[in-house]
$ cat run_2.txt   # compact mmCIF, C-alpha atoms
# COMPACT_ATOMS: atom_id res chain seq x y z
CA MET A 1 -34.83 66.31 -10.50
CA THR A 2 -34.34 69.07 -13.03
CA ASN A 3 -36.07 68.85 -16.41
CA HIS A 4 -32.84 69.78 -18.24
CA LEU A 5 -30.96 66.61 -17.41
CA ARG A 6 -30.44 63.94 -20.03
CA LEU A 7 -32.93 61.06 -19.86
CA SER A 8 -30.24 58.52 -19.01
CA GLU A 9 -28.83 60.92 -16.44
CA LYS A 10 -32.24 61.19 -14.79
CA TRP A 11 -32.54 57.42 -14.47
CA PHE A 12 -28.97 57.13 -13.25
CA ASN A 13 -29.74 59.74 -10.59
CA ARG A 14 -32.85 57.86 -9.55
CA GLY A 15 -30.82 54.67 -9.32
CA LEU A 16 -28.19 56.45 -7.25
CA TRP A 17 -30.88 57.73 -4.88
CA LEU A 18 -32.12 54.16 -4.58
CA ILE A 19 -28.57 53.11 -3.71
CA ALA A 20 -28.45 55.94 -1.14
CA PHE A 21 -31.64 54.71 0.56
CA LEU A 22 -30.51 51.09 0.43
CA PHE A 23 -27.19 52.09 1.97
CA ALA A 24 -29.07 54.02 4.67
CA TYR A 25 -31.37 51.03 5.25
CA PHE A 26 -28.53 48.58 5.81
CA LEU A 27 -26.61 51.06 7.95
CA THR A 28 -29.77 51.63 10.00
CA GLY A 29 -30.20 47.89 10.48
CA LEU A 30 -26.59 47.52 11.54
CA GLY A 31 -26.78 50.55 13.83
CA GLY A 32 -30.06 49.36 15.35
CA THR A 33 -28.49 45.98 16.10
CA ILE A 34 -25.52 47.64 17.78
CA VAL A 35 -27.71 50.03 19.79
CA GLY A 36 -30.03 47.17 20.73
CA ASP A 37 -27.08 45.21 22.12
CA LEU A 38 -25.70 48.12 24.14
CA PRO A 39 -27.97 47.42 27.19
CA LYS A 40 -26.46 43.93 27.37
CA VAL A 41 -23.21 45.50 28.53
CA GLU A 42 -24.88 46.25 31.87
CA ASN A 43 -25.85 43.52 34.32
CA ARG A 44 -29.59 43.81 34.83
CA LEU A 45 -30.66 43.21 38.43
CA SER A 46 -34.05 42.63 40.01
CA THR A 47 -35.60 43.92 43.22
CA GLU A 48 -34.71 40.69 45.02
CA ASP A 49 -31.02 41.37 44.42
CA PHE A 50 -31.22 44.40 46.73
CA VAL A 51 -33.05 42.66 49.60
CA ASP A 52 -31.14 41.87 52.81
CA LYS A 53 -31.23 38.12 52.30
CA VAL A 54 -30.12 37.23 55.85
CA LEU A 55 -32.78 39.40 57.46
CA LYS A 56 -35.44 38.32 54.97
CA SER A 57 -34.61 34.65 55.60
CA LYS A 58 -34.90 35.23 59.34
CA LEU A 59 -38.24 37.00 58.97
CA THR A 60 -39.52 34.34 56.59
CA LEU A 61 -38.70 31.57 59.05
CA GLU A 62 -40.33 33.55 61.84
CA LEU A 63 -43.41 34.09 59.69
CA LYS A 64 -43.58 30.40 58.86
CA LYS A 65 -43.33 29.53 62.56
CA LEU A 66 -46.11 32.01 63.39
CA ASP A 67 -48.31 30.52 60.67
CA GLN A 68 -47.88 27.11 62.28
CA GLU A 69 -48.70 28.57 65.68
CA VAL A 70 -51.85 30.16 64.28
CA VAL A 71 -52.95 26.79 62.88
CA ILE A 72 -52.21 25.01 66.18
CA ALA A 73 -54.00 27.73 68.17
CA SER A 74 -56.98 27.47 65.84
CA ASP A 75 -57.18 23.70 66.44
CA LYS A 76 -56.83 24.18 70.20
CA LEU A 77 -59.52 26.85 70.14
CA ASP A 78 -61.93 24.52 68.36
CA GLN A 79 -61.28 21.81 70.98
CA ALA A 80 -61.59 24.29 73.86
CA ARG A 81 -64.88 25.67 72.51
CA LEU A 82 -66.23 22.14 72.16
CA GLN A 83 -65.24 21.37 75.76
CA SER A 84 -66.76 24.64 76.92
CA GLN A 85 -70.02 23.85 75.15
CA THR A 86 -70.02 20.37 76.71
CA ALA A 87 -69.36 21.79 80.20
CA ARG A 88 -72.08 24.38 79.73
CA ALA A 89 -74.55 21.72 78.57
CA ASP A 90 -73.65 19.48 81.54
CA TYR A 91 -74.14 22.37 83.93
CA GLN A 92 -77.47 23.35 82.39
CA ALA A 93 -78.74 19.77 82.57
CA ALA A 94 -77.56 19.37 86.18
CA ARG A 95 -79.11 22.71 87.13
CA GLN A 96 -82.46 21.77 85.63
CA ALA A 97 -82.35 18.42 87.50
CA PHE A 98 -81.38 20.21 90.72
CA GLU A 99 -84.23 22.72 90.38
CA ALA A 100 -86.70 19.86 89.81
CA TRP A 101 -85.36 18.00 92.86
CA VAL A 102 -85.59 21.16 94.99
CA THR A 103 -89.21 21.62 93.90
CA THR A 104 -90.00 18.03 94.93
CA ARG A 105 -88.25 18.42 98.26
CA ASN A 106 -90.19 21.60 99.03
CA ALA A 107 -93.39 19.79 98.28
CA THR A 108 -92.62 16.87 100.56
CA GLN A 109 -90.70 18.78 103.25
CA ASP A 110 -88.55 15.71 103.87
CA ALA A 111 -85.79 16.68 106.40
CA GLU A 112 -83.81 13.54 105.59
CA GLN A 113 -82.99 15.00 102.20
CA ASP A 114 -80.89 17.89 103.63
CA GLN A 115 -77.68 15.88 103.27
CA ASP A 116 -78.64 15.02 99.72
CA LEU A 117 -79.24 18.76 99.10
CA LEU A 118 -75.72 19.58 100.17
CA SER A 119 -74.32 16.81 97.96
CA ARG A 120 -76.32 17.94 94.93
CA THR A 121 -75.34 21.59 95.51
CA ALA A 122 -71.64 20.67 95.71
CA LYS A 123 -71.92 18.66 92.50
CA LEU A 124 -73.64 21.57 90.76
CA GLU A 125 -70.92 23.96 91.88
CA LYS A 126 -68.27 21.62 90.51
CA LEU A 127 -70.03 21.61 87.15
CA LYS A 128 -70.25 25.43 87.25
CA LEU A 129 -66.54 25.62 88.10
CA ARG A 130 -65.77 23.29 85.21
CA GLU A 131 -67.79 25.51 82.88
CA ARG A 132 -65.86 28.58 84.01
CA GLU A 133 -62.51 26.83 83.63
CA SER A 134 -63.37 25.73 80.09
CA LEU A 135 -64.46 29.29 79.25
CA MET A 136 -61.20 30.66 80.68
CA ALA A 137 -59.30 28.12 78.59
CA VAL A 138 -61.11 29.39 75.49
CA GLU A 139 -60.28 32.99 76.36
CA ALA A 140 -56.62 32.09 76.99
CA ILE A 141 -56.33 30.38 73.61
CA GLN A 142 -58.05 33.34 71.92
CA LYS A 143 -55.57 35.71 73.55
CA GLN A 144 -52.68 33.53 72.43
CA GLN A 145 -54.09 33.42 68.91
CA LEU A 146 -54.54 37.22 68.87
CA ASP A 147 -50.97 37.72 70.06
CA THR A 148 -49.71 35.39 67.35
CA LEU A 149 -51.71 37.20 64.65
CA GLN A 150 -50.41 40.58 65.83
CA GLU A 151 -46.85 39.25 65.80
CA LYS A 152 -47.46 37.86 62.32
CA GLU A 153 -48.72 41.26 61.18
CA ARG A 154 -45.59 42.88 62.58
CA VAL A 155 -43.37 40.43 60.71
CA ASN A 156 -45.31 41.11 57.49
CA ARG A 157 -44.77 44.85 57.98
CA ASP A 158 -41.05 44.24 58.46
CA ILE A 159 -40.93 42.18 55.26
CA ALA A 160 -42.89 44.87 53.39
CA ALA A 161 -40.49 47.55 54.66
CA LEU A 162 -37.58 45.37 53.55
CA GLN A 163 -39.11 45.00 50.08
CA GLU A 164 -39.80 48.74 49.86
CA ALA A 165 -36.19 49.58 50.74
CA ALA A 166 -35.04 47.09 48.10
CA ARG A 167 -37.41 48.63 45.55
CA ILE A 168 -36.00 52.12 46.21
CA ARG A 169 -32.44 50.86 45.82
CA PHE A 170 -33.44 48.98 42.66
CA GLU A 171 -34.96 52.12 41.12
CA GLU A 172 -31.86 54.15 41.94
CA ASP A 173 -29.64 51.49 40.39
CA TYR A 174 -31.97 51.25 37.38
CA LYS A 175 -31.67 55.00 36.80
CA GLN A 176 -27.90 54.75 36.93
CA ILE A 177 -27.96 51.89 34.44
CA GLU A 178 -30.25 53.85 32.11
CA LEU A 179 -27.91 56.84 32.31
CA ARG A 180 -24.91 54.68 31.44
CA ILE A 181 -26.80 53.07 28.55
CA PHE A 182 -27.78 56.53 27.31
CA ALA A 183 -24.12 57.55 27.55
CA TYR A 184 -23.23 54.53 25.40
CA ARG A 185 -25.88 55.54 22.86
CA LEU A 186 -24.63 59.13 22.93
CA ALA A 187 -21.03 57.99 22.40
CA PHE A 188 -22.24 55.95 19.42
CA VAL A 189 -24.52 58.56 17.81
CA LEU A 190 -22.55 61.82 18.28
CA PRO A 191 -19.60 60.74 16.10
CA LEU A 192 -22.12 59.70 13.45
CA LEU A 193 -23.72 63.16 13.54
CA ALA A 194 -20.33 64.86 13.42
CA THR A 195 -19.29 62.72 10.44
CA ALA A 196 -22.63 63.33 8.71
CA SER A 197 -22.26 67.10 9.23
CA TYR A 198 -18.79 67.02 7.71
CA LEU A 199 -19.94 64.93 4.75
CA PHE A 200 -22.93 67.20 4.19
CA ALA A 201 -20.73 70.29 4.19
CA LYS A 202 -17.87 68.93 2.06
CA HIS A 203 -18.93 65.93 -0.01
CA ARG A 204 -22.68 65.99 -0.66
CA LYS A 205 -22.18 67.17 -4.27
CA LYS A 206 -19.18 65.03 -5.14
CA ALA A 207 -19.01 61.78 -7.09
CA TYR A 208 -19.88 59.49 -4.19
CA TRP A 209 -22.86 61.54 -3.01
CA PRO A 210 -25.23 58.49 -2.76
CA PHE A 211 -23.13 57.04 0.06
CA VAL A 212 -22.87 60.48 1.66
CA TRP A 213 -26.64 60.96 1.69
CA GLY A 214 -27.19 57.37 2.79
CA PHE A 215 -24.91 57.95 5.76
CA ILE A 216 -26.65 61.25 6.55
CA ILE A 217 -30.09 59.57 6.54
CA PHE A 218 -28.73 56.81 8.77
CA SER A 219 -27.27 59.38 11.20
CA LEU A 220 -30.54 61.30 11.44
CA PHE A 221 -32.45 58.06 12.05
CA ALA A 222 -29.98 57.06 14.76
CA PHE A 223 -30.36 60.45 16.43
CA PHE A 224 -34.15 60.80 16.36
CA VAL A 225 -35.05 57.11 16.86
CA GLU A 226 -32.18 55.52 18.78
CA LEU A 227 -31.14 58.47 20.99
CA VAL A 228 -33.83 61.13 21.52
CA PRO A 229 -36.55 58.76 22.91
CA TYR A 230 -34.07 57.58 25.57
CA LEU A 231 -33.09 61.05 26.71
CA PRO A 232 -33.47 61.20 30.53
CA SER A 233 -36.45 63.29 31.60
CA TYR A 234 -36.13 64.11 35.31
CA GLY A 235 -39.65 65.45 35.32
CA GLY A 236 -39.23 67.08 31.90
CA TYR A 237 -36.44 69.46 32.95
CA VAL A 238 -33.71 67.71 30.95
CA ARG A 239 -35.74 67.23 27.78
CA TYR A 240 -37.13 70.75 27.72
CA THR A 241 -33.72 72.20 28.55
CA VAL A 242 -32.10 70.20 25.76
CA GLY A 243 -34.89 71.29 23.43
CA VAL A 244 -34.30 74.95 24.31
CA VAL A 245 -30.53 74.62 23.84
CA VAL A 246 -30.87 72.79 20.52
CA THR A 247 -33.47 75.28 19.29
CA LEU A 248 -31.23 78.21 20.23
CA ALA A 249 -28.23 76.59 18.53
CA VAL A 250 -30.14 75.75 15.36
CA GLY A 251 -31.81 79.16 15.34
CA LYS A 252 -28.50 80.96 15.80
CA TYR A 253 -26.91 78.91 13.02
CA SER A 254 -29.91 79.54 10.74
CA ILE A 255 -29.86 83.30 11.36
CA ALA A 256 -26.10 83.44 10.75
CA ALA A 257 -26.50 81.36 7.58
CA LEU A 258 -29.28 83.66 6.37
CA GLN A 259 -27.19 86.76 7.02
CA LYS A 260 -24.22 85.18 5.26
CA TYR A 261 -26.40 84.20 2.32
CA LEU A 262 -27.87 87.70 2.01
CA GLU A 263 -24.39 89.22 2.20
CA GLN A 264 -23.15 86.85 -0.51
CA GLN A 265 -26.13 87.74 -2.66
CA ARG A 266 -25.45 91.45 -2.25
CA GLU A 267 -21.82 90.94 -3.19
CA LEU A 268 -22.84 88.76 -6.12
CA GLU A 269 -25.25 91.38 -7.42
CA GLN A 270 -22.39 93.91 -7.47
CA GLN A 271 -20.35 91.77 -9.86
CA PRO A 272 -20.46 92.27 -13.64
CA ASP A 273 -23.26 90.57 -15.51
CA PHE A 274 -21.01 88.23 -17.52
CA GLN A 275 -19.17 87.06 -14.40
CA ARG A 276 -22.40 86.25 -12.58
CA LYS A 277 -23.64 84.30 -15.60
CA ASN A 278 -20.44 82.25 -15.72
CA ASP A 279 -20.62 81.48 -11.99
CA ILE A 280 -24.18 80.09 -12.12
CA GLN A 281 -24.49 76.39 -12.95
CA TYR A 282 -26.18 75.64 -16.23
CA ASP A 283 -28.79 73.17 -14.91
CA LEU A 284 -29.56 75.38 -11.91
CA ALA A 285 -30.11 78.41 -14.12
CA GLN A 286 -32.39 76.50 -16.51
CA THR A 287 -34.46 75.08 -13.63
CA ARG A 288 -34.96 78.44 -11.92
CA ILE A 289 -35.86 80.27 -15.10
CA VAL A 290 -38.44 77.61 -16.03
CA LYS A 291 -39.97 78.11 -12.56
CA GLY A 292 -40.07 81.91 -13.04
CA ILE A 293 -37.22 82.62 -10.62
CA CYS A 294 -34.09 84.67 -11.27
CA PRO A 295 -31.07 82.33 -11.27
CA SER A 296 -28.95 84.98 -9.57
CA CYS A 297 -31.04 86.73 -6.87
CA GLU A 298 -33.76 84.02 -6.70
CA ARG A 299 -36.62 86.54 -6.89
CA PRO A 300 -39.70 86.13 -9.14
CA ILE A 301 -39.28 87.32 -12.73
CA ALA A 302 -41.58 88.01 -15.68
CA ARG A 303 -40.84 85.61 -18.54
CA ASP A 304 -43.04 87.17 -21.21
CA ASN A 305 -41.40 90.38 -22.36
CA ASP A 306 -38.65 91.32 -19.90
CA ASN A 307 -35.13 90.25 -20.77
CA PHE A 308 -33.49 91.36 -17.52
CA CYS A 309 -34.27 90.72 -13.89
CA GLN A 310 -35.98 93.77 -12.42
CA HIS A 311 -34.34 93.07 -9.07
CA CYS A 312 -30.65 92.45 -9.76
CA GLY A 313 -30.33 93.42 -13.46
CA ILE A 314 -28.86 90.13 -14.75
CA GLU A 315 -29.70 89.25 -18.34
CA ILE A 316 -32.10 86.33 -18.45
CA PHE A 317 -33.32 86.33 -22.07
CA ASP A 318 -31.41 87.43 -25.17
CA LYS A 319 -31.60 86.95 -28.94
CA CYS A 320 -29.71 84.50 -31.04
CA THR A 321 -27.01 86.27 -33.03
CA SER A 322 -27.81 84.08 -36.02
CA CYS A 323 -31.61 83.95 -36.31
CA GLY A 324 -32.71 86.60 -33.81
CA THR A 325 -34.95 84.23 -31.86
CA ARG A 326 -35.56 85.14 -28.22
CA LYS A 327 -34.02 82.49 -25.98
CA ILE A 328 -32.73 81.91 -22.47
CA ALA A 329 -29.44 83.75 -22.08
CA PHE A 330 -27.89 80.79 -20.24
CA SER A 331 -28.61 78.31 -23.06
CA LYS A 332 -25.58 76.90 -24.83
CA PHE A 333 -27.36 76.58 -28.18
CA CYS A 334 -30.22 78.32 -29.90
CA PHE A 335 -33.31 76.09 -29.82
CA HIS A 336 -34.45 77.53 -33.21
CA CYS A 337 -31.36 77.38 -35.43
CA GLY A 338 -28.95 75.36 -33.30
CA LYS A 339 -26.17 77.92 -33.42
CA LYS A 340 -23.81 77.76 -30.44
CA THR A 341 -24.08 80.71 -28.13
CA GLU A 342 -21.06 82.97 -28.09
CA GLU A 343 -19.14 82.88 -24.84
CA SER A 344 -19.28 85.93 -22.61
CA PRO A 345 -16.26 88.25 -22.71
CA PRO A 346 -13.60 87.57 -20.10
$ encode --input "run_2.txt" --output "structure tokens"
Amino acid sequence: MTNHLRLSEKWFNRGLWLIAFLFAYFLTGLGGTIVGDLPKVENRLSTEDFVDKVLKSKLTLELKKLDQEVVIASDKLDQARLQSQTARADYQAARQAFEAWVTTRNATQDAEQDQDLLSRTAKLEKLKLRERESLMAVEAIQKQQLDTLQEKERVNRDIAALQEAARIRFEEDYKQIELRIFAYRLAFVLPLLATASYLFAKHRKKAYWPFVWGFIIFSLFAFFVELVPYLPSYGGYVRYTVGVVVTLAVGKYSIAALQKYLEQQRELEQQPDFQRKNDIQYDLAQTRIVKGICPSCERPIARDNDNFCQHCGIEIFDKCTSCGTRKIAFSKFCFHCGKKTEESPP
């Protein structure tokens, strides 16, 4: 705030700025609530919504059936191994008994035991055949179990492929939803920015400026907080491209504004001194002079002895026509004698 405002005016201005920030705060809260509810317009889906339910149900039932077969095969395998171990033990015991009997027979050389030899040999062969059959049964069950496990693995791969296809479709749909939500945000924020730009250009210095600045602050918050973070990236191409375009646009506008300002300053400096003094606002002139800046060309000035700006020639200090005291040429009254300053000639 300028130091040349009335005390009450300063506090009123501070209060109005407080109103502007409060207005921006409540607008921001309202806008944030609206933007936060925008995603609810879209129906959010999950990965399961994109899975072929008929095929998945079929594969799930098949997998459940294979799991049961694996359990049954495991039980059968345990029984078959137990039978195989029993048959092997029986054969080993019968073989040991047969070898002991053969040793005894050879020692006695009893020819009457030849028929018994044939009987014992046949019995031993039956036990050996039983052992082989039990071992083959174990191998058959193991093969069946292996086939079931391989089939189960195939079904799991089919289910995983089904889930992966659903995930890809879900991500594509999610991107589309995010784009539509961003479009909703854009449709909400762009009119705010356009309105804020208009208010800034036409109404920022008028009577209702607190509401104008409050709306401008709200619009900037909506743009940088509610819109920019949700800008689609696509690997950075979109964001960087938008950044380049915005930078070019802002830079072009800034350069044009600078050129326009310099041209206006050159035209202003060609005008008569009294006309320039009448066109400059009183408070603005006082503030700039106190800061050591020319109120017309905005260049640094010397406030000690020089009465005119060495850059544009405008009169900055003059003498009171009543008491001769050196004073600011833009002052309405002499600070020494209080005489009103004579108006500049038309």
$ atom_distance --input "run_2.txt" --atom1 "CA of Ile34 in chain A" --atom2 "CA of Ile216 in chain A"
17.7 Å
$ atom_distance --input "run_2.txt" --atom1 "CA of Lys340 in chain A" --atom2 "CA of Thr321 in chain A"
9.5 Å
$ closest_residue --input "run_2.txt" --among "A:Ala20, A:Ala137, A:Leu45, A:Cys337" --to "Lys175 in chain A" --atoms "only C-alpha atoms"
A:Leu45
$ axis_aligned_box --input "run_2.txt" --around "range 161-164 of chain A" --padding-each-side "8 Å" --output "AutoDock Vina command-line options"
--center_x -39.0 --center_y 46.9 --center_z 52.3 --size_x 18.9 --size_y 19.7 --size_z 20.8
$ residues_near_point --input "run_2.txt" --point "(-34.7, 45.4, 44.1)" --cutoff "12 Å" --atoms "only C-alpha atoms" --output "compact mmCIF listing (two decimals) with C-alpha atoms, in the frame of the given file"
# COMPACT_ATOMS: atom_id res chain seq x y z
CA ARG A 44 -29.59 43.81 34.83
CA LEU A 45 -30.66 43.21 38.43
CA SER A 46 -34.05 42.63 40.01
CA THR A 47 -35.60 43.92 43.22
CA GLU A 48 -34.71 40.69 45.02
CA ASP A 49 -31.02 41.37 44.42
CA PHE A 50 -31.22 44.40 46.73
CA VAL A 51 -33.05 42.66 49.60
CA ASP A 52 -31.14 41.87 52.81
CA LYS A 53 -31.23 38.12 52.30
CA LEU A 162 -37.58 45.37 53.55
CA GLN A 163 -39.11 45.00 50.08
CA GLU A 164 -39.80 48.74 49.86
CA ALA A 165 -36.19 49.58 50.74
CA ALA A 166 -35.04 47.09 48.10
CA ARG A 167 -37.41 48.63 45.55
CA ILE A 168 -36.00 52.12 46.21
CA ARG A 169 -32.44 50.86 45.82
CA PHE A 170 -33.44 48.98 42.66
CA GLU A 171 -34.96 52.12 41.12
CA GLU A 172 -31.86 54.15 41.94
CA ASP A 173 -29.64 51.49 40.39
CA TYR A 174 -31.97 51.25 37.38
$ residues_around --input "run_2.txt" --residues "Glu153 in chain A" --least-positions-apart "6" --cutoff "10 Å" --atoms "all atoms listed in the file" --output "list in words"
Leu63, Leu66, Asp147 and Ile159 of chain A
$ residues_around --input "run_2.txt" --residues "Asn156 in chain A" --least-positions-apart "4" --cutoff "9 Å" --atoms "all atoms listed in the file" --output "list in words"
Leu59, Thr60, Leu63, Glu151, Lys152, Ala160 and Ala161 of chain A
$ residues_around --input "run_2.txt" --residues "Gln265 in chain A" --least-positions-apart "4" --cutoff "10 Å" --atoms "only C-alpha atoms" --output "ChimeraX atom specification"
/A:259-261,269-270,296-298,312
$ residues_around --input "run_2.txt" --residues "Gln145 in chain A" --least-positions-apart "5" --cutoff "10 Å" --atoms "all atoms listed in the file" --output "count of residues only"
13
$ closest_residue --input "run_2.txt" --among "A:Phe335, A:Phe274, A:Phe218, A:Tyr240" --to "Leu22 in chain A" --atoms "all atoms listed in the file"
A:Phe218
$ atom_distance --input "run_2.txt" --atom1 "CA of Ala80 in chain A" --atom2 "CA of Leu135 in chain A"
7.9 Å
$ closest_residue --input "run_2.txt" --among "A:Asn278, A:Leu30, A:Leu118, A:Cys309" --to "Ile293 in chain A" --atoms "only C-alpha atoms"
A:Cys309
$ closest_residue --input "run_2.txt" --among "A:Leu38, A:His336, A:Gly15, A:Tyr230" --to "Gly324 in chain A" --atoms "only C-alpha atoms"
A:His336
$ residues_around --input "run_2.txt" --residues "Lys126 in chain A" --least-positions-apart "6" --cutoff "10 Å" --atoms "all atoms listed in the file" --output "number ranges by chain"
A: 91, 120, 132
